[in-house]
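Participant: My structure is below; once you've seen it, I'll send some questions.
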Amino acid sequence: MTPESDAVTLTLRPFRADDDAALISWLASPEELYLFSGPRLTWPLDGAQLDELRSDATFTTFTAELAGPAELAGPAVGHIELASTGQGRARIARVLVAPQSRGRGLGELLVRAVIAEAASRGIHSLTLFVLPSNAPAIALYEKLGFEHRGPSAELQGALLMGLELPG
């Protein structure tokens with residue numbers, strides 16, 4: 001983690017319609033959109049698709065913001081979701097750090113924040129899907145304690161990873 005990321009606090013708040021333009025601007029190609037969302041969202045991404053995500057009661061969508069010294073704090077820097085998969089279980093989905101904020105350790109802060117949010121909701125088991133070609137994401141998830149559980153049965157071509165939370 002860089003000193004910059006140590007000097008700021010990342011917070012999660014509900015993802016709102018006024019976040020759409022920023023999120024859409026972070027995805028520059030159909031390939032980037034697929035890495036972010038898998039097959040659920042299609043290029044070009046638009047507000048109607050994001051409204052549909054917000055209306056899905058099984059998902060809780062978050063925007064990440066930074067608080068701290070004025071030169072480090074700023075508007076939305078990330079997006080992440082929690083999907084309920086049953087009693088005490090959830091899946092982390094659609095993780096993205098704004099391009100201008102990458103390389104500062106914010107991806108780790110973002111995932112740690114959603115893990116803490118999940119724990120506060122009584123979730124004891126987290127899973128996620130990741131494409132095998134996304135080596136930086138896999139390395140981050142491994143660093144945070146996620147274990148490989150093999151190929152995903154739900155998302156063709158993806159790997160399933162899981163984390164058991166204490167409690």
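Within each chain, counting starts at residue 1; across the structure tokens, chains are named A, B, ... in the order shown, with ligands numbered 1 upward in that order.
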Enumerate, as a PyMOL selection string, the complete set of residues in stretch 22-159 of chain A that a backbone-based DSSP assignment places in helix (DSSP H, G or I).

Facilitator: chain A and resi 22-25+30-40+47-55+99-101+106-120+135-143

Participant: So that I have them on file, write out the residues from the current selection with C-alpha atoms, as a tab-separated table (two decimals), in the first residue's frame.

Facilitator:
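Heads up, here's the output in result-v8.tsv:
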chain	number	residue	atom	x	y	z
A	22	ALA	CA	-18.39	8.55	-13.79
A	23	LEU	CA	-18.75	4.77	-13.83
A	24	ILE	CA	-19.47	4.73	-17.56
A	25	SER	CA	-16.40	6.90	-18.21
A	30	PRO	CA	-16.28	-3.63	-24.59
A	31	GLU	CA	-13.41	-5.74	-23.20
A	32	GLU	CA	-13.10	-3.57	-20.09
A	33	LEU	CA	-16.87	-3.74	-19.58
A	34	TYR	CA	-16.77	-7.55	-19.83
A	35	LEU	CA	-13.94	-7.74	-17.28
A	36	PHE	CA	-16.05	-5.57	-14.98
A	37	SER	CA	-19.43	-7.22	-15.39
A	38	GLY	CA	-19.20	-10.45	-17.30
A	39	PRO	CA	-22.15	-10.96	-19.65
A	40	ARG	CA	-24.76	-9.06	-17.58
A	47	GLY	CA	-27.96	4.53	-17.42
A	48	ALA	CA	-30.83	2.14	-18.19
A	49	GLN	CA	-28.58	-0.87	-17.55
A	50	LEU	CA	-27.29	0.70	-14.34
A	51	ASP	CA	-30.86	1.47	-13.23
A	52	GLU	CA	-31.60	-2.24	-13.68
A	53	LEU	CA	-28.63	-3.10	-11.43
A	54	ARG	CA	-29.86	-0.69	-8.76
A	55	SER	CA	-33.35	-2.20	-8.89
A	99	PRO	CA	-8.52	4.63	-13.96
A	100	GLN	CA	-7.12	7.88	-12.57
A	101	SER	CA	-7.03	6.34	-9.06
A	106	LEU	CA	-7.31	1.54	-3.53
A	107	GLY	CA	-8.40	-1.82	-4.93
A	108	GLU	CA	-7.31	-3.45	-1.70
A	109	LEU	CA	-9.04	-0.78	0.38
A	110	LEU	CA	-12.19	-1.22	-1.70
A	111	VAL	CA	-12.34	-4.99	-1.23
A	112	ARG	CA	-11.46	-4.71	2.47
A	113	ALA	CA	-14.29	-2.18	2.89
A	114	VAL	CA	-16.87	-4.49	1.33
A	115	ILE	CA	-15.59	-7.43	3.40
A	116	ALA	CA	-16.13	-5.30	6.53
A	117	GLU	CA	-19.60	-4.32	5.26
A	118	ALA	CA	-20.45	-7.97	4.68
A	119	ALA	CA	-19.28	-8.93	8.19
A	120	SER	CA	-21.39	-6.13	9.69
A	135	ALA	CA	-3.87	-11.76	-12.70
A	136	PRO	CA	-3.78	-8.51	-10.65
A	137	ALA	CA	-7.27	-9.19	-9.25
A	138	ILE	CA	-6.44	-12.81	-8.47
A	139	ALA	CA	-3.28	-11.74	-6.64
A	140	LEU	CA	-5.26	-9.20	-4.60
A	141	TYR	CA	-7.95	-11.71	-3.65
A	142	GLU	CA	-5.30	-14.27	-2.64
A	143	LYS	CA	-3.56	-11.60	-0.52

Participant: I'd like to know which residues of stretch 1-107 of chain A are strand (DSSP E or B) (by DSSP, run on the backbone); could you write them as number ranges by chain?

Facilitator: A: 9-14, 59-67, 74-86, 89-97

Participant: By how many Å are atom CA of A:Val95 and atom CA of A:Glu65 apart?

Facilitator: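 Spanning atom CA of A:Val95 to atom CA of A:Glu65 is a straight-line distance of 13.9 Å.
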
Participant: Of the candidates A:Ala17, A:Thr127, A:Leu10, A:Leu155, which shows the shortest atom-to-atom distance to A:Arg104, using only C-alpha atoms?

Facilitator: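 Of A:Ala17, A:Thr127, A:Leu10, A:Leu155, the one nearest A:Arg104 is A:Leu10, counting only C-alpha atoms.
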
Participant: Just the residues within 6 Å of A:Leu160, please, counting only C-alpha atoms, with nothing from its chain fewer than 5 positions along; format it as a list in words.

Facilitator: Leu128, Phe129, Arg149, Gly150, Pro151 and Ser152 of chain A

Participant: Can you write out the residues you just picked, keeping N, CA and C atoms, as a PDB file, in the first residue's frame?

Facilitator:
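And here is the file that came out, again_14.pdb:
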ATOM      1  N   LEU A 128     -16.594 -14.946  -5.024  1.00  0.00           N
ATOM      2  CA  LEU A 128     -16.493 -14.027  -6.148  1.00  0.00           C
ATOM      3  C   LEU A 128     -16.072 -14.817  -7.370  1.00  0.00           C
ATOM      4  N   PHE A 129     -16.369 -14.266  -8.531  1.00  0.00           N
ATOM      5  CA  PHE A 129     -15.909 -14.813  -9.797  1.00  0.00           C
ATOM      6  C   PHE A 129     -14.824 -13.897 -10.328  1.00  0.00           C
ATOM      7  N   ARG A 149     -11.539 -22.103  -5.584  1.00  0.00           N
ATOM      8  CA  ARG A 149     -12.525 -23.179  -5.443  1.00  0.00           C
ATOM      9  C   ARG A 149     -12.828 -23.843  -6.779  1.00  0.00           C
ATOM     10  N   GLY A 150     -12.003 -23.560  -7.781  1.00  0.00           N
ATOM     11  CA  GLY A 150     -12.156 -24.202  -9.081  1.00  0.00           C
ATOM     12  C   GLY A 150     -12.930 -23.357 -10.065  1.00  0.00           C
ATOM     13  N   PRO A 151     -13.257 -23.950 -11.206  1.00  0.00           N
ATOM     14  CA  PRO A 151     -14.013 -23.211 -12.222  1.00  0.00           C
ATOM     15  C   PRO A 151     -15.425 -22.898 -11.733  1.00  0.00           C
ATOM     16  N   SER A 152     -15.940 -21.776 -12.161  1.00  0.00           N
ATOM     17  CA  SER A 152     -17.303 -21.385 -11.804  1.00  0.00           C
ATOM     18  C   SER A 152     -18.304 -22.220 -12.586  1.00  0.00           C
TER      19      SER A 152
END

Participant: Compile the contact shell of A:Leu82 as JSON, numbers by chain: residues with an atom at most 6 Å away, counting only C-alpha atoms, same-chain residues fewer than 4 positions apart removed.

Facilitator: {"A": [59, 60, 91, 92]}

Participant: Could you take the residues named above and write them with N, CA and C atoms, as a JSON list (two decimals), in the first residue's frame?

Facilitator:
[["chain", "number", "residue", "atom", "x", "y", "z"],
["A", 59, "PHE", "N", -28.88, -7.46, -5.04],
["A", 59, "PHE", "CA", -27.59, -6.76, -5.05],
["A", 59, "PHE", "C", -27.65, -5.50, -4.21],
["A", 60, "THR", "N", -26.57, -5.23, -3.51],
["A", 60, "THR", "CA", -26.35, -3.95, -2.87],
["A", 60, "THR", "C", -25.15, -3.33, -3.57],
["A", 91, "ARG", "N", -21.91, -12.80, -2.51],
["A", 91, "ARG", "CA", -20.88, -12.78, -3.54],
["A", 91, "ARG", "C", -20.47, -11.34, -3.79],
["A", 92, "ILE", "N", -19.18, -11.10, -3.87],
["A", 92, "ILE", "CA", -18.65, -9.80, -4.28],
["A", 92, "ILE", "C", -18.71, -9.77, -5.80]]

Participant: With distances taken over only C-alpha atoms, which residue among A:Pro166, A:Gly88, A:Leu12, A:Gly145 lies nearest A:Pro75?

Facilitator: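 So, comparing all the options, the nearest one is A:Leu12.
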
Participant: Find the distance between atom CA of A:Leu66 and atom CA of A:Arg102 and write it in Å to one decimal.

Facilitator: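 According to the coordinates, atom CA of A:Leu66 and atom CA of A:Arg102 are separated by 13.1 Å.
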